[in-house]
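See below for query_8.txt, which holds compact mmCIF, C-alpha atoms and all ligand atoms.
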```txt
# COMPACT_ATOMS: atom_id res chain seq x y z
CA MET A 238 -33.09 11.89 45.35
CA ALA A 239 -29.63 11.26 43.96
CA ILE A 240 -27.09 8.75 45.21
CA THR A 241 -23.42 9.27 44.32
CA GLY A 242 -20.18 7.38 44.83
CA ALA A 243 -19.28 8.76 48.26
CA SER A 244 -19.18 6.31 51.13
CA GLY A 245 -22.46 6.15 53.06
CA ALA A 246 -24.96 4.21 50.94
CA LEU A 247 -26.78 3.44 54.18
CA TYR A 248 -27.70 7.13 54.47
CA ALA A 249 -29.52 6.82 51.14
CA GLN A 250 -31.18 3.58 52.20
CA ARG A 251 -32.44 5.02 55.47
CA LEU A 252 -33.80 8.11 53.75
CA LEU A 253 -35.70 5.89 51.30
CA ASP A 254 -36.95 3.77 54.21
CA ASN A 255 -38.43 6.90 55.79
CA LEU A 256 -40.13 8.50 52.79
CA ASP A 257 -43.70 7.52 52.02
CA PRO A 258 -44.13 7.01 48.27
CA THR A 259 -47.91 7.33 48.64
CA ALA A 260 -47.50 10.82 50.12
CA HIS A 261 -44.73 12.08 47.80
CA GLU A 262 -43.65 11.64 44.20
CA ILE A 263 -40.12 10.26 44.55
CA HIS A 264 -37.54 9.68 41.82
CA VAL A 265 -34.08 8.19 42.31
CA VAL A 266 -30.98 8.83 40.20
CA ILE A 267 -27.87 6.75 40.84
CA SER A 268 -24.44 7.86 39.58
CA ASN A 269 -22.13 5.38 37.87
CA TYR A 270 -19.71 5.27 40.80
CA ALA A 271 -22.57 4.94 43.27
CA HIS A 272 -23.19 1.46 41.85
CA VAL A 273 -19.66 0.46 42.89
CA VAL A 274 -20.08 1.82 46.43
CA LEU A 275 -23.59 0.40 46.76
CA ALA A 276 -22.27 -3.08 45.88
CA GLN A 277 -19.57 -2.70 48.52
CA GLU A 278 -21.67 -1.20 51.31
CA LEU A 279 -25.13 -2.69 50.68
CA PRO A 280 -24.35 -6.20 49.37
CA GLU A 281 -28.03 -7.11 49.47
CA GLY A 282 -28.79 -4.19 47.17
CA LEU A 283 -30.69 -0.95 47.57
CA ARG A 284 -34.32 -1.45 48.68
CA LEU A 285 -36.60 0.94 46.83
CA PRO A 286 -40.07 1.73 48.19
CA PRO A 287 -42.83 0.33 45.96
CA GLY A 288 -43.44 2.38 42.83
CA VAL A 289 -40.31 4.55 43.15
CA PRO A 290 -38.53 4.66 39.76
CA THR A 291 -34.78 4.90 39.22
CA HIS A 292 -33.44 6.82 36.23
CA GLY A 293 -30.30 6.45 34.16
CA LEU A 294 -27.86 9.35 34.06
CA LYS A 295 -27.97 9.90 30.36
CA SER A 296 -31.62 10.32 29.44
CA MET A 297 -32.92 13.85 29.95
CA ASN A 298 -36.39 12.42 29.35
CA VAL A 299 -37.36 12.81 33.01
CA PRO A 300 -39.78 15.31 34.54
CA PHE A 301 -37.21 16.90 36.88
CA ALA A 302 -34.75 17.91 34.10
CA SER A 303 -36.82 21.02 33.45
CA GLY A 304 -37.67 23.93 35.70
CA SER A 305 -41.24 23.82 34.38
CA ASN A 306 -41.95 20.86 36.68
CA PRO A 307 -42.23 22.18 40.20
CA PHE A 308 -40.51 19.50 42.27
CA ASP A 309 -40.21 20.60 45.88
CA ALA A 310 -36.76 19.33 46.76
CA MET A 311 -33.71 17.36 45.72
CA VAL A 312 -31.40 15.52 48.10
CA VAL A 313 -27.98 14.25 47.02
CA ILE A 314 -27.15 11.61 49.62
CA PRO A 315 -24.36 10.71 50.03
CA CYS A 316 -22.77 13.45 47.91
CA SER A 317 -19.25 12.89 46.61
CA MET A 318 -16.85 15.81 46.37
CA GLY A 319 -16.77 15.18 42.62
CA THR A 320 -20.51 15.69 42.21
CA LEU A 321 -20.49 18.56 44.68
CA GLY A 322 -17.79 20.33 42.67
CA ARG A 323 -19.62 19.73 39.41
CA ILE A 324 -22.86 21.15 40.83
CA ALA A 325 -21.00 24.14 42.28
CA HIS A 326 -19.55 24.96 38.86
CA GLY A 327 -22.70 24.49 36.83
CA PHE A 328 -21.75 21.30 34.98
CA SER A 329 -25.05 20.05 33.73
CA GLU A 330 -24.15 17.22 31.43
CA ASP A 331 -26.16 14.43 32.98
CA VAL A 332 -29.56 14.09 34.59
CA LEU A 333 -28.26 14.25 38.16
CA LEU A 334 -26.27 17.45 37.57
CA ARG A 335 -29.00 19.02 35.46
CA ALA A 336 -31.61 18.34 38.15
CA ALA A 337 -29.40 20.00 40.79
CA ASP A 338 -28.80 22.94 38.46
CA VAL A 339 -32.57 23.31 37.99
CA MET A 340 -33.16 23.34 41.75
CA LEU A 341 -30.63 26.14 42.21
CA LYS A 342 -31.86 28.27 39.33
CA GLU A 343 -35.50 27.85 40.34
CA ARG A 344 -34.62 28.65 43.97
CA ARG A 345 -35.94 25.33 45.17
CA LYS A 346 -34.56 23.22 47.96
CA LEU A 347 -31.30 21.44 47.14
CA ILE A 348 -29.93 19.46 50.07
CA LEU A 349 -26.42 18.08 49.69
CA VAL A 350 -25.11 15.48 52.14
CA PRO A 351 -21.35 15.47 51.50
CA ARG A 352 -19.07 12.86 53.01
CA GLU A 353 -15.35 13.37 52.86
CA THR A 354 -12.56 13.85 55.35
CA PRO A 355 -10.28 15.69 55.59
CA LEU A 356 -11.42 18.63 53.48
CA SER A 357 -9.26 20.57 51.05
CA LEU A 358 -9.58 24.25 50.23
CA VAL A 359 -11.17 23.19 46.92
CA HIS A 360 -13.96 21.43 48.83
CA VAL A 361 -14.47 24.37 51.17
CA ARG A 362 -14.57 26.89 48.30
CA ASN A 363 -17.16 24.70 46.59
CA PHE A 364 -19.17 24.59 49.83
CA GLU A 365 -19.07 28.39 49.90
CA LEU A 366 -20.23 28.72 46.30
CA LEU A 367 -23.11 26.32 46.90
CA LEU A 368 -24.20 28.10 50.07
CA LEU A 369 -24.15 31.42 48.20
CA ALA A 370 -26.26 29.82 45.46
CA GLY A 371 -28.84 28.70 48.02
CA ALA A 372 -28.05 25.02 48.58
CA ILE A 373 -28.35 23.44 52.02
CA LEU A 374 -25.14 21.68 53.02
CA LEU A 375 -25.90 18.97 55.51
CA PRO A 376 -22.70 16.96 55.97
CA ALA A 377 -22.94 13.31 56.95
CA ASN A 378 -21.73 14.10 60.48
CA PRO A 379 -23.60 11.85 62.91
CA SER A 380 -24.34 12.95 66.47
CA PHE A 381 -24.13 10.82 69.59
CA TYR A 382 -26.00 12.65 72.34
CA THR A 383 -29.04 10.39 71.87
CA ARG A 384 -26.71 7.41 72.42
CA PRO A 385 -27.50 5.43 69.25
CA GLN A 386 -26.79 1.73 69.79
CA THR A 387 -26.57 0.49 66.20
CA ILE A 388 -25.00 1.63 62.95
CA THR A 389 -28.49 2.33 61.66
CA GLY A 390 -29.14 4.42 64.76
CA VAL A 391 -25.99 6.44 64.09
CA VAL A 392 -26.94 6.91 60.42
CA ASP A 393 -30.45 7.98 61.43
CA THR A 394 -29.08 10.96 63.35
CA VAL A 395 -28.10 12.42 59.96
CA VAL A 396 -31.19 11.19 58.09
CA ALA A 397 -33.41 12.83 60.74
CA ARG A 398 -31.87 16.22 59.92
CA VAL A 399 -32.44 15.63 56.20
CA LEU A 400 -36.11 14.81 56.88
CA ASP A 401 -36.38 17.96 59.04
CA HIS A 402 -35.11 20.06 56.14
CA LEU A 403 -37.45 18.31 53.71
CA GLY A 404 -40.34 19.09 56.07
CA VAL A 405 -41.19 15.41 56.46
CA ALA A 406 -42.44 14.43 59.91
CA HIS A 407 -40.56 11.59 61.62
CA ASN A 408 -39.75 10.06 64.98
CA LEU A 409 -36.37 8.69 64.01
CA VAL A 410 -34.32 10.26 66.75
CA ALA A 411 -35.30 11.77 70.09
CA ARG A 412 -34.96 15.55 70.07
CA TRP A 413 -32.65 17.28 72.47
CA GLN A 414 -34.39 18.60 75.54
CA ALA A 415 -32.25 20.55 77.95
CA GLU A 416 -32.64 19.26 81.46
CA GLU A 417 -34.92 21.53 83.47
CA GLU A 418 -32.95 23.68 85.84
CA LYS A 419 -33.10 22.37 89.38
CA HIS A 420 -33.76 25.02 92.05
C1 LIG B 501 -15.33 2.53 48.23
C2 LIG B 501 -15.28 3.96 47.79
C3 LIG B 501 -15.57 4.95 48.71
C4 LIG B 501 -15.54 6.29 48.34
N1 LIG B 501 -15.84 7.24 49.27
C5 LIG B 501 -15.87 8.54 48.91
C6 LIG B 501 -16.27 9.53 49.86
O1 LIG B 501 -16.59 9.24 51.00
N2 LIG B 501 -16.33 10.82 49.44
C7 LIG B 501 -16.02 11.20 48.15
O2 LIG B 501 -16.11 12.39 47.84
N3 LIG B 501 -15.61 10.27 47.24
C8 LIG B 501 -15.54 8.96 47.58
N4 LIG B 501 -15.16 8.00 46.66
C9 LIG B 501 -14.73 8.44 45.35
C10 LIG B 501 -15.87 8.67 44.37
O3 LIG B 501 -16.58 7.46 44.15
C11 LIG B 501 -15.28 9.17 43.04
O4 LIG B 501 -14.72 10.47 43.21
C12 LIG B 501 -16.28 9.20 41.92
O5 LIG B 501 -15.68 9.74 40.77
C13 LIG B 501 -17.51 10.02 42.27
O6 LIG B 501 -18.35 10.03 41.16
P1 LIG B 501 -19.85 10.50 41.29
O7 LIG B 501 -19.83 11.80 42.02
O8 LIG B 501 -20.30 10.66 39.88
O9 LIG B 501 -20.60 9.44 42.01
C14 LIG B 501 -15.19 6.65 47.01
C15 LIG B 501 -14.90 5.64 46.09
C16 LIG B 501 -14.95 4.32 46.47
C17 LIG B 501 -14.67 3.26 45.44
```

For this file, produce the structure as C-alpha cells.
Amino acid sequence: MAITGASGALYAQRLLDNLDPTAHEIHVVISNYAHVVLAQELPEGLRLPPGVPTHGLKSMNVPFASGSNPFDAMVVIPCSMGTLGRIAHGFSEDVLLRAADVMLKERRKLILVPRETPLSLVHVRNFELLLLAGAILLPANPSFYTRPQTITGVVDTVVARVLDHLGVAHNLVARWQAEEEKH
C-alpha cells in the first residue's frame, strides 16, 4: 500500500483499518508529500495495524521492489496526479514507483485511487495509458445511495470498492439491492 500527497489521507487510514495483518502480508510506503498531507488531515497521525512496516522511499532493499516476489496487489491510496503521471510514464526512481512498475510488468493487480478535480487532458491521457497497461483506476468518488451519516461513512463507500477489488471480504457498506417489483 502506498500513500501519496493527494488529499484523502482518511481513505488510506480506513483501508488500513480494514485489512487484517494476520491474514495478509502488508507493507506501507509513504511519499514525502504524503507526510505533509497526513499532518494536515490526520493530526493524530496514521494508525498502522500491529506488525505492519513502513518503508522509506529511497531504499530498494524491500521485497516488493523485485518481480521475483509474488505480491498479490498494490494500492496507491490516495494517489496524486504527480505519482499517477510518474507511474504512467515508467519513472521508477524510488521504491513506490518501482513497486508500481513491477506490478504492471508482472501483470499483477495495481489499484490507483486518484483524487483531483477538475481533470486536465494530461490527467485523462495518463488514466488511459494506465488502463491500457492493466491498472485499475478507482477514483476517490464517494457514493451516497446508502446514506452515509459520517465522514468515515462517506470515505468507506470508496474503501469498500477497493476491498472488493482486492478480494477482501468486508461489511463496510450495504450493497445495493434493487427494490423488488411490486405487482
Ligand atoms: C494540502 C494538500 C492537498 C493536496 N491535494 C492534492 C490532491 O487532491 N490531488 C493531487 O493530485 N495533488 C494534491 N496535492 C499536491 C501534491 O501533494 C503534490 O503534487 C506532490 O508533489 C505529490 O507528490 P507525491 O505524488 O510524491 O506524493 C496536495 C498538496 C497539499 C499540500

Surroundings of ligand LIG 501 (chain B) up to 9 Å, based on only C-alpha atoms and all ligand atoms, as number ranges by chain: A: 240-245, 267-275, 277-278, 315-323, 333, 351-354

Residues within 10 Å of A:Arg412, all atoms listed in the file, excluding chain neighbours under 6 positions, as a ChimeraX atom specification: /A:382-383,397

Proximity to A:Val339 - best of A:Ala406, A:Met311, A:Ala415, A:Ala260, all atoms listed in the file: A:Met311

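Minimum distance to A:Leu279 across A:Ile348, A:Ala249, A:Ala377, A:Val312 (counting all atoms listed in the file) occurs at A:Ala249.
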
Length of the atom CA of A:Val405 to atom CA of A:Ser303 vector [Å]: 24.1 Å

Among the residues A:Lys342, A:Asp401, A:Ala276, A:Gln414, the one that comes closest to A:Asn255 [using only C-alpha atoms]: A:Asp401

If you take every atom of stretch 384-397 of chain A that the file lists and fit an axis-aligned box around them with 6 Å extra on each side, what centre and edge lengths come out in Å to one decimal, as JSON?
```
{"center_x": -29.2, "center_y": 6.7, "center_z": 65.3, "size_x": 20.4, "size_y": 24.3, "size_z": 26.3}
```

Neighbour list for A:His264 as number ranges by chain, cut-off 10 Å, all atoms listed in the file, skip fewer than 6 positions in-chain: A: 238-239, 258, 288-292, 299-301, 311

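The gap separating atom CA of A:Asp331 from atom CA of A:Gly371 is 20.9 Å, in Å to one decimal.
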
Atom CA of A:Gly390 to atom CA of A:Trp413, straight-line distance in Å: 15.4 Å

Dump C-alpha atoms of stretch 322-334 of chain A from the given block, as a JSON list (two decimals), in the first residue's frame.
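Final output, part.json:
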```json
[["chain", "number", "residue", "atom", "x", "y", "z"],
["A", 322, "GLY", "CA", 1.78, 10.50, -14.11],
["A", 323, "ARG", "CA", 5.13, 9.11, -13.00],
["A", 324, "ILE", "CA", 3.73, 5.56, -12.88],
["A", 325, "ALA", "CA", 2.08, 6.02, -16.29],
["A", 326, "HIS", "CA", 5.40, 7.03, -17.83],
["A", 327, "GLY", "CA", 7.55, 4.37, -16.22],
["A", 328, "PHE", "CA", 9.53, 6.55, -13.82],
["A", 329, "SER", "CA", 10.94, 4.07, -11.41],
["A", 330, "GLU", "CA", 13.36, 6.07, -9.33],
["A", 331, "ASP", "CA", 12.01, 5.37, -5.87],
["A", 332, "VAL", "CA", 10.53, 2.40, -4.07],
["A", 333, "LEU", "CA", 6.92, 3.49, -4.55],
["A", 334, "LEU", "CA", 7.28, 3.99, -8.30]]
```
